file run.pdb (PDB, C-alpha atoms and all ligand atoms)
ATOM      1  CA  MET A   1     114.357  87.499 111.793
ATOM      2  CA  GLY A   2     112.831  90.243 113.966
ATOM      3  CA  GLU A   3     109.360  91.529 114.652
ATOM      4  CA  PRO A   4     107.013  92.639 111.878
ATOM      5  CA  LEU A   5     107.016  96.384 111.154
ATOM      6  CA  MET A   6     104.992  98.813 109.033
ATOM      7  CA  LEU A   7     105.850 102.469 108.388
ATOM      8  CA  ALA A   8     103.543 104.812 106.490
ATOM      9  CA  THR A   9     103.506 108.479 105.523
ATOM     10  CA  TRP A  10     101.420 111.165 107.249
ATOM     11  CA  THR A  11      98.708 110.774 109.861
ATOM     12  CA  THR A  12      96.510 108.915 107.374
ATOM     13  CA  GLY A  13      99.209 106.242 107.422
ATOM     14  CA  GLN A  14      97.782 104.858 110.669
ATOM     15  CA  ALA A  15      94.550 103.703 109.025
ATOM     16  CA  ALA A  16      96.582 102.348 106.114
ATOM     17  CA  ASN A  17      98.823 100.393 108.487
ATOM     18  CA  ALA A  18      95.739  98.994 110.233
ATOM     19  CA  ALA A  19      94.473  97.708 106.879
ATOM     20  CA  GLY A  20      97.843  96.209 105.952
ATOM     21  CA  TRP A  21      98.735  94.688 109.321
ATOM     22  CA  PRO A  22      96.569  91.520 109.163
ATOM     23  CA  HIS A  23      98.194  90.728 105.817
ATOM     24  CA  LEU A  24     101.669  91.305 107.260
ATOM     25  CA  VAL A  25     101.190  88.789 110.054
ATOM     26  CA  ALA A  26      98.993  86.213 108.272
ATOM     27  CA  PRO A  27     100.727  82.837 107.837
ATOM     28  CA  ASP A  28     100.150  83.034 104.080
ATOM     29  CA  GLY A  29     100.765  86.813 103.878
ATOM     30  CA  GLY A  30     103.853  88.974 104.146
ATOM     31  CA  ALA A  31     105.345  92.381 103.438
ATOM     32  CA  ILE A  32     104.199  92.646  99.812
ATOM     33  CA  ASP A  33     100.520  91.941 100.628
ATOM     34  CA  ALA A  34     100.673  94.339 103.573
ATOM     35  CA  VAL A  35     101.893  97.333 101.542
ATOM     36  CA  GLU A  36      99.376  96.694  98.769
ATOM     37  CA  HIS A  37      96.442  96.536 101.194
ATOM     38  CA  ALA A  38      97.657  99.582 103.099
ATOM     39  CA  CYS A  39      97.625 101.613  99.875
ATOM     40  CA  ARG A  40      94.231 100.202  98.870
ATOM     41  CA  ASN A  41      92.802 101.514 102.123
ATOM     42  CA  ALA A  42      93.942 105.069 101.332
ATOM     43  CA  GLU A  43      92.849 104.763  97.687
ATOM     44  CA  ALA A  44      89.276 103.868  98.684
ATOM     45  CA  ASP A  45      88.938 106.696 101.219
ATOM     46  CA  PRO A  46      87.062 109.661  99.686
ATOM     47  CA  GLN A  47      88.212 111.913 102.559
ATOM     48  CA  ASN A  48      91.820 111.505 101.461
ATOM     49  CA  MET A  49      92.091 114.092  98.689
ATOM     50  CA  THR A  50      95.625 113.171  97.586
ATOM     51  CA  VAL A  51      95.067 109.493  96.799
ATOM     52  CA  GLY A  52      92.688 107.389  94.718
ATOM     53  CA  TYR A  53      88.913 107.915  94.811
ATOM     54  CA  GLY A  54      88.243 111.489  95.951
ATOM     55  CA  GLY A  55      91.717 112.677  94.937
ATOM     56  CA  ARG A  56      91.829 116.245  93.664
ATOM     57  CA  PRO A  57      91.915 116.531  89.876
ATOM     58  CA  ASP A  58      94.457 118.153  87.605
ATOM     59  CA  ALA A  59      93.987 121.645  86.155
ATOM     60  CA  ALA A  60      91.626 120.270  83.492
ATOM     61  CA  GLY A  61      89.330 118.663  86.073
ATOM     62  CA  GLU A  62      90.514 115.097  85.559
ATOM     63  CA  VAL A  63      91.654 112.822  88.405
ATOM     64  CA  THR A  64      94.819 110.957  87.395
ATOM     65  CA  LEU A  65      96.449 108.376  89.639
ATOM     66  CA  ASP A  66     100.009 107.062  89.988
ATOM     67  CA  ALA A  67     101.309 104.144  92.061
ATOM     68  CA  SER A  68     104.249 101.813  92.466
ATOM     69  CA  ILE A  69     105.156  98.673  94.370
ATOM     70  CA  MET A  70     108.547  96.995  94.859
ATOM     71  CA  VAL A  71     110.344  94.152  96.584
ATOM     72  CA  SER A  72     113.672  94.208  94.735
ATOM     73  CA  PRO A  73     115.359  95.772  91.700
ATOM     74  CA  ALA A  74     114.212  92.796  89.629
ATOM     75  CA  ARG A  75     110.664  92.809  91.072
ATOM     76  CA  CYS A  76     108.843  96.101  90.818
ATOM     77  CA  GLY A  77     105.843  97.534  88.990
ATOM     78  CA  SER A  78     104.161 100.881  88.538
ATOM     79  CA  VAL A  79     101.426 102.760  86.705
ATOM     80  CA  CYS A  80     100.837 106.413  85.951
ATOM     81  CA  PHE A  81      98.042 108.573  84.535
ATOM     82  CA  VAL A  82      95.309 106.079  85.479
ATOM     83  CA  ARG A  83      91.887 107.760  85.193
ATOM     84  CA  ARG A  84      89.303 104.995  85.549
ATOM     85  CA  PHE A  85      90.429 102.617  88.306
ATOM     86  CA  MET A  86      90.304 103.128  92.049
ATOM     87  CA  HIS A  87      93.278 100.936  92.947
ATOM     88  CA  PRO A  88      96.352 101.824  90.884
ATOM     89  CA  VAL A  89      98.553 100.006  93.426
ATOM     90  CA  SER A  90      96.889  96.720  92.479
ATOM     91  CA  ILE A  91      97.447  97.438  88.775
ATOM     92  CA  ALA A  92     101.099  98.137  89.658
ATOM     93  CA  ARG A  93     101.263  94.790  91.445
ATOM     94  CA  LEU A  94      99.840  93.042  88.379
ATOM     95  CA  VAL A  95     102.431  94.800  86.215
ATOM     96  CA  MET A  96     105.098  93.463  88.593
ATOM     97  CA  ASP A  97     103.703  89.938  88.883
ATOM     98  CA  ARG A  98     102.226  89.315  85.437
ATOM     99  CA  SER A  99     104.068  91.402  82.882
ATOM    100  CA  PRO A 100     107.670  91.698  81.728
ATOM    101  CA  HIS A 101     107.447  95.493  82.221
ATOM    102  CA  VAL A 102     108.005  97.965  85.033
ATOM    103  CA  LEU A 103     105.810 100.975  84.154
ATOM    104  CA  LEU A 104     102.549 101.204  82.194
ATOM    105  CA  ALA A 105     100.936 104.596  81.499
ATOM    106  CA  GLY A 106      97.456 105.964  80.760
ATOM    107  CA  ASP A 107      95.216 104.048  78.357
ATOM    108  CA  GLY A 108      97.657 101.143  78.174
ATOM    109  CA  ALA A 109      97.649 100.733  81.944
ATOM    110  CA  GLU A 110      93.834 100.818  81.919
ATOM    111  CA  ARG A 111      93.557  98.229  79.150
ATOM    112  CA  PHE A 112      95.975  96.044  81.114
ATOM    113  CA  ALA A 113      93.797  96.452  84.252
ATOM    114  CA  LEU A 114      90.637  95.550  82.324
ATOM    115  CA  ALA A 115      92.334  92.510  80.804
ATOM    116  CA  HIS A 116      93.181  91.340  84.325
ATOM    117  CA  GLY A 117      89.592  91.667  85.498
ATOM    118  CA  LEU A 118      89.757  94.916  87.487
ATOM    119  CA  GLU A 119      86.554  96.973  87.625
ATOM    120  CA  PRO A 120      86.589 100.546  86.262
ATOM    121  CA  ALA A 121      85.376 103.308  88.608
ATOM    122  CA  ASP A 122      84.545 107.007  88.496
ATOM    123  CA  LEU A 123      87.137 108.812  90.627
ATOM    124  CA  LEU A 124      85.866 112.398  90.849
ATOM    125  CA  THR A 125      83.794 113.079  93.983
ATOM    126  CA  ASN A 126      81.594 116.154  94.447
ATOM    127  CA  ALA A 127      83.990 117.521  97.066
ATOM    128  CA  ALA A 128      86.963 117.186  94.719
ATOM    129  CA  ARG A 129      84.997 118.751  91.841
ATOM    130  CA  GLN A 130      84.027 121.691  94.045
ATOM    131  CA  ALA A 131      87.616 122.170  95.178
ATOM    132  CA  TRP A 132      88.688 122.221  91.529
ATOM    133  CA  GLN A 133      85.955 124.698  90.569
ATOM    134  CA  ALA A 134      86.968 126.977  93.406
ATOM    135  CA  TRP A 135      90.618 126.743  92.398
ATOM    136  CA  LEU A 136      89.615 127.504  88.816
ATOM    137  CA  ALA A 137      87.696 130.574  89.906
ATOM    138  CA  THR A 138      90.574 132.002  91.899
ATOM    139  CA  ARG A 139      93.857 130.730  90.479
ATOM    140  CA  GLY A 140      93.183 128.496  87.487
ATOM    141  CA  ALA A 141      93.589 131.048  84.698
ATOM    142  CA  ALA A 142      97.059 131.946  85.931
ATOM    143  CA  ALA A 143      98.240 128.351  86.321
ATOM    144  CA  VAL A 144     101.554 127.675  84.659
ATOM    145  CA  GLY A 145     101.398 125.111  81.834
ATOM    146  CA  THR A 146      97.623 125.013  81.778
ATOM    147  CA  PRO A 147      96.309 125.990  78.380
ATOM    148  CA  GLN A 148      93.052 127.939  78.675
ATOM    149  CA  ALA A 149      91.553 125.544  76.108
ATOM    150  CA  ASN A 150      91.836 122.699  78.587
ATOM    151  CA  ILE A 151      89.988 124.667  81.183
ATOM    152  CA  GLU A 152      87.225 125.619  78.759
ATOM    153  CA  GLU A 153      86.797 122.027  77.622
ATOM    154  CA  ALA A 154      86.790 120.653  81.150
ATOM    155  CA  PRO A 155      83.790 118.443  81.949
ATOM    156  CA  ALA A 156      82.231 120.131  84.991
ATOM    157  CA  ALA A 157      80.182 123.343  84.724
ATOM    158  CA  ALA A 158      81.151 126.485  86.631
ATOM    159  CA  ALA A 159      79.676 126.682  90.124
ATOM    160  CA  PRO A 160      76.377 128.588  90.395
ATOM    161  CA  ALA A 161      76.581 131.887  92.298
ATOM    162  CA  ALA A 162      74.431 130.526  95.134
ATOM    163  CA  GLU A 163      77.181 128.030  95.928
ATOM    164  CA  ALA A 164      79.891 130.696  96.030
ATOM    165  CA  ALA A 165      80.417 130.663  99.790
ATOM    166  CA  HIS A 166      80.565 126.890  99.869
ATOM    167  CA  VAL A 167      83.004 126.870  96.983
ATOM    168  CA  VAL A 168      85.319 129.370  98.680
ATOM    169  CA  GLU A 169      85.208 127.167 101.772
ATOM    170  CA  ALA A 170      86.121 124.153  99.625
ATOM    171  CA  ALA A 171      89.064 126.088  98.158
ATOM    172  CA  GLU A 172      90.333 126.980 101.595
ATOM    173  CA  ALA A 173      89.972 123.375 102.723
ATOM    174  CA  ALA A 174      91.781 122.208  99.620
ATOM    175  CA  GLU A 175      94.656 124.594 100.255
ATOM    176  CA  ALA A 176      94.928 123.487 103.857
ATOM    177  CA  ALA A 177      94.950 119.840 102.859
ATOM    178  CA  GLU A 178      97.487 120.607 100.159
ATOM    179  CA  ALA A 179      99.779 121.988 102.823
ATOM    180  CA  ASP A 180      99.281 118.798 104.845
ATOM    181  CA  HIS A 181      99.735 116.351 101.975
ATOM    182  CA  ASP A 182      98.577 112.802 102.533
ATOM    183  CA  THR A 183      99.880 110.741  99.655
ATOM    184  CA  ILE A 184     100.321 107.234 100.966
ATOM    185  CA  GLY A 185     103.775 105.656 101.033
ATOM    186  CA  VAL A 186     104.325 102.419 102.972
ATOM    187  CA  LEU A 187     107.326 100.278 103.859
ATOM    188  CA  ALA A 188     107.028  96.900 105.566
ATOM    189  CA  ARG A 189     109.265  94.189 106.947
ATOM    190  CA  ASP A 190     107.651  90.872 107.792
ATOM    191  CA  ALA A 191     108.615  88.251 110.381
ATOM    192  CA  GLY A 192     110.692  86.476 107.725
ATOM    193  CA  GLY A 193     112.778  89.642 107.233
ATOM    194  CA  ARG A 194     111.344  90.348 103.758
ATOM    195  CA  LEU A 195     111.057  94.008 102.754
ATOM    196  CA  ALA A 196     108.426  95.620 100.508
ATOM    197  CA  GLY A 197     107.263  99.119  99.667
ATOM    198  CA  ALA A 198     104.402 100.804  97.827
ATOM    199  CA  CYS A 199     103.035 104.272  97.243
ATOM    200  CA  SER A 200      99.929 105.730  95.653
ATOM    201  CA  THR A 201      98.883 109.303  94.815
ATOM    202  CA  SER A 202      96.636 111.533  92.759
ATOM    203  CA  GLY A 203      99.651 113.827  92.418
ATOM    204  CA  MET A 204      99.865 117.514  93.213
ATOM    205  CA  ALA A 205      96.408 119.088  93.241
ATOM    206  CA  PHE A 206      95.421 120.905  90.037
ATOM    207  CA  ASN A 207      98.743 120.141  88.347
ATOM    208  CA  ALA A 208      99.279 120.640  84.620
ATOM    209  CA  PRO A 209      97.485 117.899  82.642
ATOM    210  CA  GLY A 210      99.988 115.177  81.805
ATOM    211  CA  ARG A 211     102.255 115.911  84.753
ATOM    212  CA  VAL A 212     103.591 112.782  86.493
ATOM    213  CA  GLY A 213     105.484 113.052  89.762
ATOM    214  CA  ASP A 214     107.911 110.894  91.687
ATOM    215  CA  SER A 215     105.519 108.256  93.084
ATOM    216  CA  PRO A 216     105.372 105.856  90.099
ATOM    217  CA  ILE A 217     109.030 106.240  89.165
ATOM    218  CA  ILE A 218     111.248 103.557  90.674
ATOM    219  CA  GLY A 219     114.161 105.157  92.521
ATOM    220  CA  HIS A 220     112.361 108.472  92.883
ATOM    221  CA  GLY A 221     109.220 107.985  95.035
ATOM    222  CA  LEU A 222     110.029 104.380  96.020
ATOM    223  CA  TYR A 223     113.001 102.026  96.103
ATOM    224  CA  VAL A 224     113.538  98.627  97.739
ATOM    225  CA  ASP A 225     116.636  96.454  97.667
ATOM    226  CA  PRO A 226     116.632  93.479 100.063
ATOM    227  CA  ASP A 227     120.397  93.771 100.596
ATOM    228  CA  ARG A 228     120.525  97.547 101.099
ATOM    229  CA  GLY A 229     117.170  98.719 102.454
ATOM    230  CA  ALA A 230     114.015 100.559 101.408
ATOM    231  CA  ALA A 231     112.835 104.153 101.145
ATOM    232  CA  VAL A 232     109.621 105.951 100.241
ATOM    233  CA  ALA A 233     109.138 109.673  99.651
ATOM    234  CA  THR A 234     106.209 112.072  99.710
ATOM    235  CA  GLY A 235     105.656 115.762  99.116
ATOM    236  CA  HIS A 236     106.693 117.905  96.155
ATOM    237  CA  GLY A 237     107.639 115.214  93.656
ATOM    238  CA  GLU A 238     109.762 117.339  91.346
ATOM    239  CA  LEU A 239     112.193 117.961  94.221
ATOM    240  CA  VAL A 240     112.542 114.225  94.890
ATOM    241  CA  MET A 241     112.971 113.466  91.183
ATOM    242  CA  GLY A 242     115.907 115.826  90.726
ATOM    243  CA  VAL A 243     118.010 113.911  93.251
ATOM    244  CA  CYS A 244     116.632 110.372  92.617
ATOM    245  CA  GLY A 245     115.631 110.606  96.282
ATOM    246  CA  THR A 246     114.793 107.051  97.322
ATOM    247  CA  PHE A 247     117.537 105.445  95.251
ATOM    248  CA  LEU A 248     119.995 107.844  96.842
ATOM    249  CA  ALA A 249     118.825 106.898 100.349
ATOM    250  CA  VAL A 250     119.000 103.146  99.739
ATOM    251  CA  GLU A 251     122.363 103.399  98.018
ATOM    252  CA  ARG A 252     123.747 105.325 100.990
ATOM    253  CA  MET A 253     122.466 102.660 103.388
ATOM    254  CA  GLY A 254     124.183 100.049 101.226
ATOM    255  CA  GLN A 255     127.398 102.010 101.633
ATOM    256  CA  GLY A 256     127.075 101.957 105.410
ATOM    257  CA  ALA A 257     125.008 105.034 106.281
ATOM    258  CA  SER A 258     122.405 104.586 109.014
ATOM    259  CA  PRO A 259     118.719 105.036 108.056
ATOM    260  CA  ALA A 260     118.794 108.443 109.824
ATOM    261  CA  GLU A 261     121.909 109.581 107.938
ATOM    262  CA  ALA A 262     120.514 108.387 104.610
ATOM    263  CA  ALA A 263     117.169 110.158 105.064
ATOM    264  CA  ALA A 264     118.843 113.374 106.220
ATOM    265  CA  GLU A 265     121.193 113.311 103.245
ATOM    266  CA  VAL A 266     118.265 113.257 100.800
ATOM    267  CA  VAL A 267     116.562 116.344 102.237
ATOM    268  CA  ARG A 268     119.932 118.104 102.474
ATOM    269  CA  ARG A 269     120.676 117.348  98.810
ATOM    270  CA  ILE A 270     117.254 118.735  97.876
ATOM    271  CA  ALA A 271     117.809 121.911  99.896
ATOM    272  CA  ASP A 272     121.246 122.345  98.288
ATOM    273  CA  ALA A 273     120.001 121.727  94.764
ATOM    274  CA  TYR A 274     116.809 123.793  94.705
ATOM    275  CA  ASP A 275     115.773 127.311  95.387
ATOM    276  CA  LEU A 276     112.932 126.195  97.657
ATOM    277  CA  ALA A 277     109.565 127.937  97.905
ATOM    278  CA  GLU A 278     108.193 128.655 101.367
ATOM    279  CA  ASN A 279     105.741 125.766 101.371
ATOM    280  CA  ASP A 280     107.890 123.176  99.566
ATOM    281  CA  GLN A 281     107.781 119.978 101.584
ATOM    282  CA  VAL A 282     109.379 116.550 101.192
ATOM    283  CA  GLY A 283     109.229 113.677 103.668
ATOM    284  CA  ILE A 284     111.192 110.444 103.364
ATOM    285  CA  ILE A 285     111.134 107.206 105.379
ATOM    286  CA  THR A 286     114.139 104.846 105.349
ATOM    287  CA  LEU A 287     114.271 101.206 106.461
ATOM    288  CA  ALA A 288     117.406  99.063 106.755
ATOM    289  CA  PRO A 289     117.346  95.303 106.020
ATOM    290  CA  ASP A 290     117.675  94.603 109.785
ATOM    291  CA  GLY A 291     114.515  96.594 110.604
ATOM    292  CA  ALA A 292     116.186  99.805 111.835
ATOM    293  CA  TRP A 293     114.352 102.807 110.386
ATOM    294  CA  SER A 294     114.276 106.581 110.372
ATOM    295  CA  SER A 295     112.824 109.564 108.521
ATOM    296  CA  ALA A 296     113.513 113.141 107.550
ATOM    297  CA  ALA A 297     111.541 116.087 106.214
ATOM    298  CA  LEU A 298     112.330 119.474 104.771
ATOM    299  CA  ARG A 299     109.871 121.172 107.125
ATOM    300  CA  ARG A 300     107.734 120.545 110.175
ATOM    301  CA  GLY A 301     104.409 118.762 109.660
ATOM    302  CA  PHE A 302     105.526 115.374 108.338
ATOM    303  CA  ARG A 303     104.677 112.335 110.473
ATOM    304  CA  VAL A 304     105.465 108.627 110.239
ATOM    305  CA  ALA A 305     102.768 106.134 111.228
ATOM    306  CA  VAL A 306     104.573 103.267 112.972
ATOM    307  CA  ARG A 307     103.063  99.841 113.587
ATOM    308  CA  THR A 308     104.692  96.898 115.369
ATOM    309  CA  PRO A 309     103.119  94.141 117.512
ATOM    310  CA  ASP A 310     103.129  96.552 120.473
ATOM    311  CA  ARG A 311     103.211 100.033 118.879
ATOM    312  CA  ASP A 312     100.619 101.905 116.847
ATOM    313  CA  GLU A 313     101.478 105.583 116.835
ATOM    314  CA  LEU A 314     102.677 108.639 114.976
ATOM    315  CA  ALA A 315     106.349 109.602 115.151
ATOM    316  CA  GLU A 316     108.090 112.882 114.401
ATOM    317  CA  PRO A 317     110.814 112.698 111.741
ATOM    318  CA  HIS A 318     114.334 112.294 113.103
ATOM    319  CA  THR A 319     115.511 115.244 111.020
ATOM    320  CA  VAL A 320     113.570 118.382 110.118
ATOM    321  CA  LEU A 321     116.007 120.379 108.012
ATOM    322  CA  LEU A 322     114.403 123.824 107.822
ATOM    323  CA  THR A 323     112.555 125.428 110.675
TER     324      THR A 323
HETATM  325  C1  LIG A 401     103.718 113.919  93.659
HETATM  326  N1  LIG A 401     104.877 113.097  95.596
HETATM  327  O1  LIG A 401     102.993 113.567  92.732
HETATM  328  C2  LIG A 401     103.563 113.235  95.009
HETATM  329  C3  LIG A 401     102.610 114.033  95.834
HETATM  330  C4  LIG A 401     102.687 113.775  97.308
HETATM  331  O2  LIG A 401     102.047 114.301  99.438
HETATM  332  O3  LIG A 401     103.404 112.946  97.784
HETATM  333  N2  LIG A 401     101.979 114.518  98.120
HETATM  334  O4  LIG A 401     104.547 114.820  93.565
END
call {"tool": "encode", "arguments": {"input": "run.pdb", "output": "structure tokens"}}
result
Amino acid sequence: MGEPLMLATWTTGQAANAAGWPHLVAPDGGAIDAVEHACRNAEADPQNMTVGYGGRPDAAGEVTLDASIMVSPARCGSVCFVRRFMHPVSIARLVMDRSPHVLLAGDGAERFALAHGLEPADLLTNAARQAWQAWLATRGAAAVGTPQANIEEAPAAAAPAAEAAHVVEAAEAAEAAEADHDTIGVLARDAGGRLAGACSTSGMAFNAPGRVGDSPIIGHGLYVDPDRGAAVATGHGELVMGVCGTFLAVERMGQGASPAEAAAEVVRRIADAYDLAENDQVGIITLAPDGAWSSAALRRGFRVAVRTPDRDELAEPHTVLLT
């Protein structure tokens, strides 16, 4: 059935693959365990400011997490607007395995997690709070869709003047990281030929409270169909959502497109449909049922972390649409 394979988004995907790999090749493991554990690795990493613990908050200073997991159209689960649990991907897996639903949101998702024995956690780190405070000081008041009331009621106090330099530094770091992105999206194929995918994110930094992106929406940030293939997307979620990006890619593979053609078609459709801003980025990874894979991005900077029994490296996307 072929050799085991893991593909993950961005450079941080290498550490995620390393965490998922033992589960992929374990006799009692497989693709679904591998993608869950890969995402858990990114969610627990406070240095990763786009996922889980340490993720940057929304415009009101609150960290909200989204995740999804999928093995087939009839077996998928997701959560959005999770504020008190470090591992939304595991809540998504519980939704898939132990509920008749696909997507649980906010308080309901958290009650579901508690009922299944998951431990609540505080998600806002000092670094993320400082990045938010710095953003607030420079750009927050002008943010679209961010009522001033939310900002005034936000939990953290304004930064003292003595910390100003540090705060500016944090803002610059946040902006740089924002340009990089590092939301985790993972696809895996195990030795039995089974496909699975998962993704997890804290969303776009400092987004309007209540905003949910593509990652927890099946067919937008993630789609897996054992007969047609799998795809996972990262970057500016609204762009992916407008073209149902991962569903489009998998559907095209089902119609005979190669993984490279399917991935390229998604970024082309986005570029055709939207009036893109200079820093708008989308990356997509595609995986066919036979293990062939590819990727595409709107712009330079996206990387795919590839792991096989004899490869552990970062690959450039096959297509970079805009240069
Ligand atoms: C979102 N697609 O919420 C996510 C963010 C992301 O790399 O992937 N950033 O729009």
call {"tool": "residues_around", "arguments": {"input": "run.pdb", "residues": "Leu114 (chain A)", "least_positions_apart": "6", "cutoff": "10 Å", "atoms": "all atoms listed in the file", "output": "list in words"}}
result
Phe85, Ile91, Gly108 and Pro120 of chain A
call {"tool": "resolve_selection", "arguments": {"input": "run.pdb", "expression": "the PyMOL selection byres (((not hetatm)) within 10 of (chain A and resi 401))", "output": "number ranges by chain"}}
result
A: 9-10, 49-51, 65-67, 177-185, 199-205, 207, 211-216, 220-221, 232-241, 281-284, 302
call {"tool": "resolve_selection", "arguments": {"input": "run.pdb", "expression": "the PyMOL selection byres (((chain A and resi 194) around 10) and not hetatm)", "output": "PyMOL selection string"}}
result
chain A and resi 1+4+30-32+71+188-193+195-196+226+289-291
call {"tool": "resolve_selection", "arguments": {"input": "run.pdb", "expression": "the PyMOL selection byres (((chain A and resi 36) around 12) and not hetatm)", "output": "ChimeraX atom specification"}}
result
/A:6,8,16-17,19-24,29-35,37-43,67-71,77,87-94,184-188,196-200
call {"tool": "axis_aligned_box", "arguments": {"input": "run.pdb", "around": "region 132-135 of chain A", "padding_each_side": "4 Å", "output": "JSON"}}
result
{"center_x": 88.3, "center_y": 124.6, "center_z": 92.0, "size_x": 12.7, "size_y": 12.8, "size_z": 10.8}
call {"tool": "decode", "arguments": {"input": "run.pdb", "residues": "region 260-273 of chain A", "atoms": "N, CA, C and O atoms", "output": "PDB file, in the first residue's frame"}}
result
ATOM      1  N   ALA A 260      -0.675  18.409  -8.224  1.00  0.00           N
ATOM      2  CA  ALA A 260      -0.089  19.715  -8.575  1.00  0.00           C
ATOM      3  C   ALA A 260      -1.114  20.582  -9.302  1.00  0.00           C
ATOM      4  O   ALA A 260      -1.250  21.782  -9.016  1.00  0.00           O
ATOM      5  N   GLU A 261      -1.861  19.992 -10.227  1.00  0.00           N
ATOM      6  CA  GLU A 261      -2.876  20.764 -10.959  1.00  0.00           C
ATOM      7  C   GLU A 261      -3.982  21.231 -10.022  1.00  0.00           C
ATOM      8  O   GLU A 261      -4.457  22.366 -10.115  1.00  0.00           O
ATOM      9  N   ALA A 262      -4.384  20.359  -9.111  1.00  0.00           N
ATOM     10  CA  ALA A 262      -5.476  20.707  -8.186  1.00  0.00           C
ATOM     11  C   ALA A 262      -5.066  21.847  -7.261  1.00  0.00           C
ATOM     12  O   ALA A 262      -5.833  22.789  -7.035  1.00  0.00           O
ATOM     13  N   ALA A 263      -3.847  21.775  -6.725  1.00  0.00           N
ATOM     14  CA  ALA A 263      -3.386  22.833  -5.811  1.00  0.00           C
ATOM     15  C   ALA A 263      -3.261  24.158  -6.558  1.00  0.00           C
ATOM     16  O   ALA A 263      -3.673  25.216  -6.065  1.00  0.00           O
ATOM     17  N   ALA A 264      -2.692  24.090  -7.768  1.00  0.00           N
ATOM     18  CA  ALA A 264      -2.507  25.324  -8.550  1.00  0.00           C
ATOM     19  C   ALA A 264      -3.854  25.950  -8.902  1.00  0.00           C
ATOM     20  O   ALA A 264      -4.011  27.174  -8.901  1.00  0.00           O
ATOM     21  N   GLU A 265      -4.845  25.094  -9.167  1.00  0.00           N
ATOM     22  CA  GLU A 265      -6.153  25.634  -9.546  1.00  0.00           C
ATOM     23  C   GLU A 265      -6.771  26.437  -8.393  1.00  0.00           C
ATOM     24  O   GLU A 265      -7.406  27.468  -8.610  1.00  0.00           O
ATOM     25  N   VAL A 266      -6.557  25.975  -7.165  1.00  0.00           N
ATOM     26  CA  VAL A 266      -7.135  26.693  -6.015  1.00  0.00           C
ATOM     27  C   VAL A 266      -6.534  28.094  -5.895  1.00  0.00           C
ATOM     28  O   VAL A 266      -7.259  29.084  -5.756  1.00  0.00           O
ATOM     29  N   VAL A 267      -5.206  28.201  -5.961  1.00  0.00           N
ATOM     30  CA  VAL A 267      -4.627  29.549  -5.803  1.00  0.00           C
ATOM     31  C   VAL A 267      -4.979  30.431  -7.010  1.00  0.00           C
ATOM     32  O   VAL A 267      -5.174  31.647  -6.858  1.00  0.00           O
ATOM     33  N   ARG A 268      -5.112  29.817  -8.181  1.00  0.00           N
ATOM     34  CA  ARG A 268      -5.516  30.605  -9.353  1.00  0.00           C
ATOM     35  C   ARG A 268      -6.945  31.128  -9.181  1.00  0.00           C
ATOM     36  O   ARG A 268      -7.243  32.283  -9.472  1.00  0.00           O
ATOM     37  N   ARG A 269      -7.828  30.264  -8.699  1.00  0.00           N
ATOM     38  CA  ARG A 269      -9.229  30.697  -8.482  1.00  0.00           C
ATOM     39  C   ARG A 269      -9.288  31.842  -7.473  1.00  0.00           C
ATOM     40  O   ARG A 269     -10.083  32.770  -7.611  1.00  0.00           O
ATOM     41  N   ILE A 270      -8.443  31.752  -6.437  1.00  0.00           N
ATOM     42  CA  ILE A 270      -8.414  32.824  -5.430  1.00  0.00           C
ATOM     43  C   ILE A 270      -7.936  34.122  -6.077  1.00  0.00           C
ATOM     44  O   ILE A 270      -8.540  35.188  -5.899  1.00  0.00           O
ATOM     45  N   ALA A 271      -6.853  34.033  -6.843  1.00  0.00           N
ATOM     46  CA  ALA A 271      -6.305  35.242  -7.476  1.00  0.00           C
ATOM     47  C   ALA A 271      -7.310  35.853  -8.458  1.00  0.00           C
ATOM     48  O   ALA A 271      -7.402  37.073  -8.598  1.00  0.00           O
ATOM     49  N   ASP A 272      -8.083  34.991  -9.129  1.00  0.00           N
ATOM     50  CA  ASP A 272      -9.094  35.496 -10.072  1.00  0.00           C
ATOM     51  C   ASP A 272     -10.268  36.143  -9.342  1.00  0.00           C
ATOM     52  O   ASP A 272     -10.853  37.107  -9.820  1.00  0.00           O
ATOM     53  N   ALA A 273     -10.614  35.582  -8.189  1.00  0.00           N
ATOM     54  CA  ALA A 273     -11.834  36.014  -7.508  1.00  0.00           C
ATOM     55  C   ALA A 273     -11.644  37.262  -6.647  1.00  0.00           C
ATOM     56  O   ALA A 273     -12.593  38.002  -6.422  1.00  0.00           O
TER      57      ALA A 273
END
